[in-house]
file query.cif (mmCIF, N, CA and C atoms and all ligand atoms)
data_run
loop_
_atom_site.label_atom_id
_atom_site.label_comp_id
_atom_site.auth_asym_id
_atom_site.auth_seq_id
_atom_site.Cartn_x
_atom_site.Cartn_y
_atom_site.Cartn_z
N MET A 177 87.58 46.38 114.10
CA MET A 177 87.82 47.83 114.12
C MET A 177 86.51 48.56 114.43
N LYS A 178 86.60 49.56 115.30
CA LYS A 178 85.43 50.36 115.68
C LYS A 178 85.48 51.72 114.99
N CYS A 179 84.30 52.36 114.91
CA CYS A 179 84.22 53.68 114.29
C CYS A 179 85.03 54.70 115.11
N TYR A 180 85.67 55.60 114.42
CA TYR A 180 86.49 56.62 115.08
C TYR A 180 85.62 57.54 115.95
N ASN A 181 84.40 57.82 115.48
CA ASN A 181 83.50 58.73 116.21
C ASN A 181 82.61 58.01 117.22
N HIS A 182 82.19 56.79 116.86
CA HIS A 182 81.28 56.02 117.71
C HIS A 182 82.01 54.75 118.14
N HIS A 183 82.49 54.75 119.39
CA HIS A 183 83.35 53.65 119.82
C HIS A 183 82.61 52.34 120.03
N ASN A 184 81.26 52.40 120.03
CA ASN A 184 80.52 51.15 120.16
C ASN A 184 79.95 50.66 118.82
N HIS A 185 80.24 51.39 117.73
CA HIS A 185 79.81 50.96 116.39
C HIS A 185 80.97 50.29 115.66
N ASP A 186 80.62 49.24 114.90
CA ASP A 186 81.65 48.62 114.07
C ASP A 186 81.91 49.48 112.85
N ALA A 187 83.16 49.62 112.49
CA ALA A 187 83.50 50.38 111.28
C ALA A 187 83.17 49.55 110.05
N VAL A 188 82.57 50.20 109.04
CA VAL A 188 82.24 49.48 107.79
C VAL A 188 83.28 49.75 106.71
N GLY A 189 84.11 50.76 106.98
CA GLY A 189 85.13 51.08 106.00
C GLY A 189 86.11 52.08 106.55
N VAL A 190 86.99 52.54 105.70
CA VAL A 190 88.03 53.48 106.10
C VAL A 190 87.90 54.75 105.26
N CYS A 191 87.99 55.91 105.92
CA CYS A 191 87.92 57.18 105.20
C CYS A 191 89.02 57.25 104.14
N LYS A 192 88.62 57.61 102.92
CA LYS A 192 89.56 57.67 101.80
C LYS A 192 90.66 58.69 102.02
N SER A 193 90.34 59.71 102.83
CA SER A 193 91.29 60.80 102.99
C SER A 193 92.17 60.64 104.23
N CYS A 194 91.56 60.45 105.43
CA CYS A 194 92.36 60.40 106.66
C CYS A 194 92.57 58.98 107.19
N LEU A 195 91.96 57.98 106.52
CA LEU A 195 92.15 56.57 106.84
C LEU A 195 91.66 56.17 108.23
N LYS A 196 90.67 56.94 108.79
CA LYS A 196 90.05 56.55 110.05
C LYS A 196 88.95 55.53 109.76
N GLY A 197 88.72 54.59 110.71
CA GLY A 197 87.63 53.65 110.58
C GLY A 197 86.31 54.39 110.81
N ILE A 198 85.32 54.15 109.97
CA ILE A 198 84.04 54.85 110.12
C ILE A 198 82.86 53.90 109.96
N CYS A 199 81.75 54.21 110.67
CA CYS A 199 80.55 53.38 110.59
C CYS A 199 79.60 53.94 109.53
N THR A 200 78.49 53.24 109.31
CA THR A 200 77.55 53.67 108.26
C THR A 200 76.99 55.07 108.55
N GLU A 201 76.85 55.42 109.84
CA GLU A 201 76.31 56.73 110.21
C GLU A 201 77.23 57.87 109.78
N CYS A 202 78.55 57.64 109.90
CA CYS A 202 79.53 58.69 109.62
C CYS A 202 79.94 58.74 108.15
N ALA A 203 79.83 57.61 107.48
CA ALA A 203 80.36 57.51 106.13
C ALA A 203 79.57 58.34 105.13
N THR A 204 80.28 59.06 104.28
CA THR A 204 79.68 59.77 103.17
C THR A 204 80.20 59.13 101.89
N ASP A 205 79.27 58.65 101.06
CA ASP A 205 79.69 58.02 99.81
C ASP A 205 80.04 59.12 98.80
N ILE A 206 81.28 59.11 98.32
CA ILE A 206 81.68 60.13 97.35
C ILE A 206 81.84 59.52 95.96
N GLY A 207 81.43 58.26 95.84
CA GLY A 207 81.57 57.60 94.54
C GLY A 207 83.01 57.16 94.37
N GLY A 208 83.27 55.88 94.50
CA GLY A 208 84.64 55.39 94.43
C GLY A 208 85.29 55.34 95.80
N GLY A 209 84.49 55.59 96.87
CA GLY A 209 85.04 55.53 98.22
C GLY A 209 84.13 56.22 99.22
N ILE A 210 84.47 56.09 100.54
CA ILE A 210 83.70 56.77 101.58
C ILE A 210 84.64 57.66 102.39
N THR A 211 84.06 58.72 102.95
CA THR A 211 84.86 59.63 103.78
C THR A 211 84.10 59.93 105.07
N CYS A 212 84.82 60.45 106.09
CA CYS A 212 84.22 60.65 107.41
C CYS A 212 83.61 62.04 107.57
N SER A 213 84.07 63.01 106.78
CA SER A 213 83.57 64.37 106.94
C SER A 213 83.54 65.09 105.60
N ASP A 214 82.90 66.27 105.57
CA ASP A 214 82.85 67.05 104.34
C ASP A 214 84.25 67.45 103.89
N GLU A 215 85.07 67.79 104.90
CA GLU A 215 86.45 68.20 104.59
C GLU A 215 87.20 67.07 103.89
N CYS A 216 87.05 65.85 104.46
CA CYS A 216 87.72 64.69 103.87
C CYS A 216 87.14 64.36 102.50
N ALA A 217 85.82 64.58 102.34
CA ALA A 217 85.19 64.32 101.05
C ALA A 217 85.82 65.20 99.98
N THR A 218 86.04 66.48 100.32
CA THR A 218 86.66 67.42 99.37
C THR A 218 88.07 66.98 99.03
N ASN A 219 88.83 66.62 100.07
CA ASN A 219 90.21 66.16 99.86
C ASN A 219 90.26 64.93 98.96
N ALA A 220 89.39 63.96 99.27
CA ALA A 220 89.38 62.70 98.53
C ALA A 220 88.97 62.94 97.08
N LYS A 221 87.96 63.82 96.88
CA LYS A 221 87.51 64.10 95.51
C LYS A 221 88.64 64.74 94.71
N ASP A 222 89.41 65.61 95.37
CA ASP A 222 90.55 66.24 94.71
C ASP A 222 91.56 65.21 94.26
N SER A 223 91.85 64.24 95.16
CA SER A 223 92.86 63.25 94.79
C SER A 223 92.34 62.32 93.71
N ILE A 224 91.01 62.03 93.72
CA ILE A 224 90.43 61.20 92.66
C ILE A 224 90.50 61.95 91.33
N ALA A 225 90.20 63.27 91.37
CA ALA A 225 90.26 64.08 90.16
C ALA A 225 91.68 64.13 89.61
N LEU A 226 92.64 64.23 90.54
CA LEU A 226 94.06 64.27 90.15
C LEU A 226 94.44 62.96 89.47
N LEU A 227 93.99 61.86 90.08
CA LEU A 227 94.27 60.53 89.54
C LEU A 227 93.70 60.41 88.13
N LYS A 228 92.44 60.89 87.97
CA LYS A 228 91.79 60.79 86.66
C LYS A 228 92.52 61.61 85.62
N SER A 229 92.98 62.82 86.01
CA SER A 229 93.66 63.67 85.04
C SER A 229 95.02 63.07 84.69
N THR A 230 95.64 62.37 85.66
CA THR A 230 96.92 61.71 85.38
C THR A 230 96.72 60.61 84.35
N VAL A 231 95.65 59.83 84.55
CA VAL A 231 95.33 58.75 83.61
C VAL A 231 95.04 59.34 82.23
N ALA A 232 94.30 60.46 82.21
CA ALA A 232 93.94 61.10 80.94
C ALA A 232 95.18 61.58 80.21
N SER A 233 96.14 62.17 80.96
CA SER A 233 97.33 62.69 80.30
C SER A 233 98.20 61.55 79.78
N GLN A 234 98.12 60.40 80.46
CA GLN A 234 98.87 59.24 79.97
C GLN A 234 98.29 58.74 78.66
N LYS A 235 96.95 58.86 78.54
CA LYS A 235 96.30 58.46 77.29
C LYS A 235 96.77 59.37 76.16
N ASP A 236 96.87 60.68 76.45
CA ASP A 236 97.35 61.63 75.46
C ASP A 236 98.77 61.29 75.04
N PHE A 237 99.56 60.88 76.04
CA PHE A 237 100.94 60.52 75.76
C PHE A 237 100.99 59.34 74.80
N LYS A 238 100.07 58.38 75.03
CA LYS A 238 100.03 57.21 74.16
C LYS A 238 99.64 57.62 72.74
N LYS A 239 98.74 58.62 72.63
CA LYS A 239 98.35 59.12 71.31
C LYS A 239 99.58 59.69 70.60
N GLY A 240 100.49 60.28 71.39
CA GLY A 240 101.73 60.82 70.84
C GLY A 240 102.56 59.73 70.18
N GLY A 241 102.25 58.46 70.51
CA GLY A 241 102.90 57.32 69.88
C GLY A 241 102.55 57.25 68.41
N GLY A 242 101.64 58.14 67.94
CA GLY A 242 101.30 58.27 66.53
C GLY A 242 102.49 58.66 65.69
N TYR A 243 103.59 59.04 66.35
CA TYR A 243 104.81 59.37 65.61
C TYR A 243 105.40 58.14 64.96
N VAL A 244 105.00 56.96 65.47
CA VAL A 244 105.51 55.72 64.90
C VAL A 244 104.99 55.55 63.47
N ALA A 245 103.72 55.92 63.25
CA ALA A 245 103.10 55.74 61.94
C ALA A 245 103.82 56.51 60.83
N PRO A 246 104.03 57.83 60.97
CA PRO A 246 104.73 58.55 59.89
C PRO A 246 106.12 58.01 59.63
N ILE A 247 106.82 57.60 60.69
CA ILE A 247 108.17 57.06 60.51
C ILE A 247 108.11 55.75 59.73
N PHE A 248 107.10 54.94 60.06
CA PHE A 248 106.90 53.67 59.37
C PHE A 248 106.66 53.91 57.87
N PHE A 249 105.76 54.88 57.57
CA PHE A 249 105.45 55.15 56.16
C PHE A 249 106.65 55.74 55.42
N LEU A 250 107.38 56.62 56.10
CA LEU A 250 108.57 57.21 55.48
C LEU A 250 109.59 56.12 55.14
N LEU A 251 109.79 55.20 56.09
CA LEU A 251 110.75 54.11 55.86
C LEU A 251 110.28 53.21 54.72
N MET A 252 108.98 52.92 54.69
CA MET A 252 108.41 52.11 53.61
C MET A 252 108.65 52.81 52.27
N GLY A 253 108.34 54.11 52.24
CA GLY A 253 108.49 54.89 51.01
C GLY A 253 109.93 54.90 50.53
N LEU A 254 110.84 55.19 51.45
CA LEU A 254 112.27 55.24 51.10
C LEU A 254 112.75 53.85 50.70
N GLY A 255 112.19 52.83 51.34
CA GLY A 255 112.54 51.45 51.01
C GLY A 255 112.16 51.11 49.57
N PHE A 256 110.95 51.53 49.21
CA PHE A 256 110.47 51.29 47.84
C PHE A 256 111.36 51.99 46.82
N ILE A 257 111.68 53.26 47.11
CA ILE A 257 112.52 54.05 46.20
C ILE A 257 113.91 53.41 46.11
N GLY A 258 114.43 53.03 47.27
CA GLY A 258 115.75 52.41 47.30
C GLY A 258 115.76 51.11 46.50
N PHE A 259 114.70 50.32 46.67
CA PHE A 259 114.56 49.03 45.98
C PHE A 259 114.52 49.26 44.47
N SER A 260 113.79 50.33 44.05
CA SER A 260 113.67 50.66 42.63
C SER A 260 115.01 50.99 42.02
N LEU A 261 115.87 51.64 42.81
CA LEU A 261 117.18 52.03 42.31
C LEU A 261 118.03 50.81 42.00
N TYR A 262 117.85 49.73 42.79
CA TYR A 262 118.70 48.55 42.64
C TYR A 262 118.10 47.52 41.69
N LYS A 263 116.78 47.49 41.66
CA LYS A 263 116.12 46.42 40.90
C LYS A 263 115.48 47.01 39.64
N GLU A 264 116.01 46.65 38.50
CA GLU A 264 115.44 47.15 37.25
C GLU A 264 114.13 46.45 36.96
N GLY A 265 113.21 47.18 36.30
CA GLY A 265 111.91 46.59 36.00
C GLY A 265 110.91 46.86 37.11
N PHE A 266 111.42 47.17 38.26
CA PHE A 266 110.56 47.49 39.39
C PHE A 266 110.30 48.99 39.41
N GLY A 267 111.14 49.69 38.66
CA GLY A 267 111.23 51.15 38.56
C GLY A 267 110.01 51.98 38.86
N GLU A 268 109.15 52.18 37.82
CA GLU A 268 108.03 53.13 37.95
C GLU A 268 107.13 52.79 39.13
N PHE A 269 106.81 51.51 39.23
CA PHE A 269 105.94 51.04 40.32
C PHE A 269 106.53 51.40 41.67
N GLY A 270 107.82 51.14 41.81
CA GLY A 270 108.52 51.41 43.06
C GLY A 270 108.55 52.89 43.39
N TYR A 271 108.84 53.70 42.35
CA TYR A 271 108.92 55.14 42.59
C TYR A 271 107.54 55.68 42.96
N LEU A 272 106.51 55.18 42.28
CA LEU A 272 105.13 55.64 42.54
C LEU A 272 104.73 55.35 43.98
N PHE A 273 104.90 54.06 44.36
CA PHE A 273 104.50 53.69 45.73
C PHE A 273 105.42 54.33 46.77
N GLY A 274 106.70 54.37 46.42
CA GLY A 274 107.67 54.99 47.33
C GLY A 274 107.30 56.44 47.57
N GLY A 275 106.98 57.15 46.48
CA GLY A 275 106.60 58.56 46.59
C GLY A 275 105.34 58.72 47.40
N LEU A 276 104.35 57.85 47.14
CA LEU A 276 103.07 57.93 47.86
C LEU A 276 103.26 57.69 49.36
N PHE A 277 104.02 56.64 49.68
CA PHE A 277 104.26 56.31 51.09
C PHE A 277 104.98 57.46 51.79
N THR A 278 105.98 58.01 51.10
CA THR A 278 106.76 59.10 51.69
C THR A 278 105.87 60.31 51.94
N LEU A 279 105.05 60.66 50.94
CA LEU A 279 104.15 61.80 51.10
C LEU A 279 103.15 61.56 52.22
N PHE A 280 102.65 60.33 52.28
CA PHE A 280 101.68 59.96 53.32
C PHE A 280 102.32 60.11 54.70
N GLY A 281 103.55 59.63 54.82
CA GLY A 281 104.28 59.75 56.09
C GLY A 281 104.45 61.20 56.50
N ILE A 282 104.84 62.05 55.53
CA ILE A 282 105.03 63.47 55.81
C ILE A 282 103.69 64.11 56.21
N ALA A 283 102.61 63.72 55.51
CA ALA A 283 101.28 64.28 55.80
C ALA A 283 100.85 63.93 57.22
N ILE A 284 101.05 62.66 57.62
CA ILE A 284 100.67 62.24 58.98
C ILE A 284 101.51 62.97 60.01
N ALA A 285 102.81 63.10 59.74
CA ALA A 285 103.70 63.79 60.67
C ALA A 285 103.25 65.24 60.83
N PHE A 286 102.87 65.86 59.72
CA PHE A 286 102.42 67.25 59.73
C PHE A 286 101.13 67.40 60.55
N LEU A 287 100.18 66.47 60.32
CA LEU A 287 98.90 66.51 61.04
C LEU A 287 99.12 66.30 62.54
N ASN A 288 99.98 65.34 62.88
CA ASN A 288 100.30 65.09 64.29
C ASN A 288 100.91 66.32 64.93
N TYR A 289 101.82 66.95 64.21
CA TYR A 289 102.52 68.12 64.73
C TYR A 289 101.52 69.24 65.00
N ARG A 290 100.60 69.45 64.06
CA ARG A 290 99.59 70.50 64.23
C ARG A 290 98.68 70.18 65.40
N HIS A 291 98.34 68.87 65.54
CA HIS A 291 97.45 68.41 66.62
C HIS A 291 98.10 68.67 67.98
N VAL A 292 99.38 68.33 68.10
CA VAL A 292 100.10 68.51 69.36
C VAL A 292 100.21 69.99 69.68
N LYS A 293 100.51 70.79 68.67
CA LYS A 293 100.69 72.23 68.85
C LYS A 293 99.41 72.88 69.36
N ARG A 294 98.25 72.43 68.83
CA ARG A 294 96.97 73.01 69.21
C ARG A 294 96.66 72.71 70.68
N GLN A 295 97.13 71.53 71.16
CA GLN A 295 96.82 71.13 72.53
C GLN A 295 97.60 71.93 73.55
N ARG A 296 98.77 72.48 73.14
CA ARG A 296 99.61 73.16 74.12
C ARG A 296 99.26 74.62 74.27
ZN ZN B 301 88.39 61.51 107.07
ZN ZN B 302 80.40 56.52 113.36
#
call {"tool": "encode", "arguments": {"input": "query.cif", "output": "structure tokens"}}
result
Amino acid sequence: MKCYNHHNHDAVGVCKSCLKGICTECATDIGGGITCSDECATNAKDSIALLKSTVASQKDFKKGGGYVAPIFFLLMGLGFIGFSLYKEGFGEFGYLFGGLFTLFGIAIAFLNYRHVKRQR
């Protein structure tokens, strides 16, 4: 493949934006790729920025998976309380831990909710 601008130069890469073959003379390193012109450099940087923000928002989405934790604690808490109701002698201990787990679950859910609300 030859350079799009210099037909006697070998292309060293492809413009990130317009996909033309370009030689070392024409290539502009934009970090993460090369482009043939300032215009293409701007376009390519925009798409890289878009890609990065997409990845970042996916990370935030994964953080939203924190909803699993409060549900887990709530279920544990209710499980303990339920177990206490059926099993005598387990009573106070079960209610104490059940209550603590349930409160902990509610607290985490509340914190998550406030965190999400602040971001929007
Ligand atoms: Zn280009
Ligand atoms: Zn060239």
call {"tool": "residues_near_ligand", "arguments": {"input": "query.cif", "ligand": "ligand ZN 301 (chain B)", "cutoff": "12 Å", "atoms": "only C-alpha atoms and all ligand atoms", "output": "PyMOL selection string"}}
result
chain A and resi 179-181+189-199+202-206+209-221
call {"tool": "select_by_dssp", "arguments": {"input": "query.cif", "residues": "segment 187-272 of chain A", "states": "alpha helix (DSSP H)", "output": "ChimeraX atom specification"}}
result
/A:214-239,244-262,267-272
call {"tool": "atom_distance", "arguments": {"input": "query.cif", "atom1": "atom N of Phe273 of chain A", "atom2": "atom N of Arg290 of chain A"}}
result
25.4 Å
call {"tool": "atom_distance", "arguments": {"input": "query.cif", "atom1": "atom CA of Gly253 of chain A", "atom2": "atom CA of Gly275 of chain A"}}
result
6.0 Å
call {"tool": "atom_distance", "arguments": {"input": "query.cif", "atom1": "atom N of Leu279 of chain A", "atom2": "atom C of Phe259 of chain A"}}
result
16.2 Å
call {"tool": "select_by_dssp", "arguments": {"input": "query.cif", "residues": "chain A", "states": "strand (DSSP E or B)", "output": "PyMOL selection string"}}
result
chain A and resi 178+186+189-190+197-198+204-205+210-211
call {"tool": "closest_residue", "arguments": {"input": "query.cif", "among": "A:Lys263, A:Leu276, A:Asn184, A:Ala285", "to": "ligand ZN 302 (chain B)", "atoms": "only C-alpha atoms and all ligand atoms"}}
result
A:Asn184
call {"tool": "residues_around", "arguments": {"input": "query.cif", "residues": "Gly274 of chain A", "least_positions_apart": "2", "cutoff": "5 Å", "atoms": "all atoms listed in the file", "output": "ChimeraX atom specification"}}
result
/A:253,256-257,270-272,276-278
call {"tool": "closest_residue", "arguments": {"input": "query.cif", "among": "A:Gly281, A:Ala232, A:Asp186, A:Gly207", "to": "ligand ZN 302 (chain B)", "atoms": "all atoms listed in the file"}}
result
A:Asp186
call {"tool": "closest_residue", "arguments": {"input": "query.cif", "among": "A:Ile247, A:Ala187, A:Leu254, A:Leu227", "to": "ligand ZN 302 (chain B)", "atoms": "all atoms listed in the file"}}
result
A:Ala187
call {"tool": "closest_residue", "arguments": {"input": "query.cif", "among": "A:Gly208, A:Ser260, A:Met252, A:His182", "to": "Ala225 of chain A", "atoms": "only C-alpha atoms"}}
result
A:Gly208
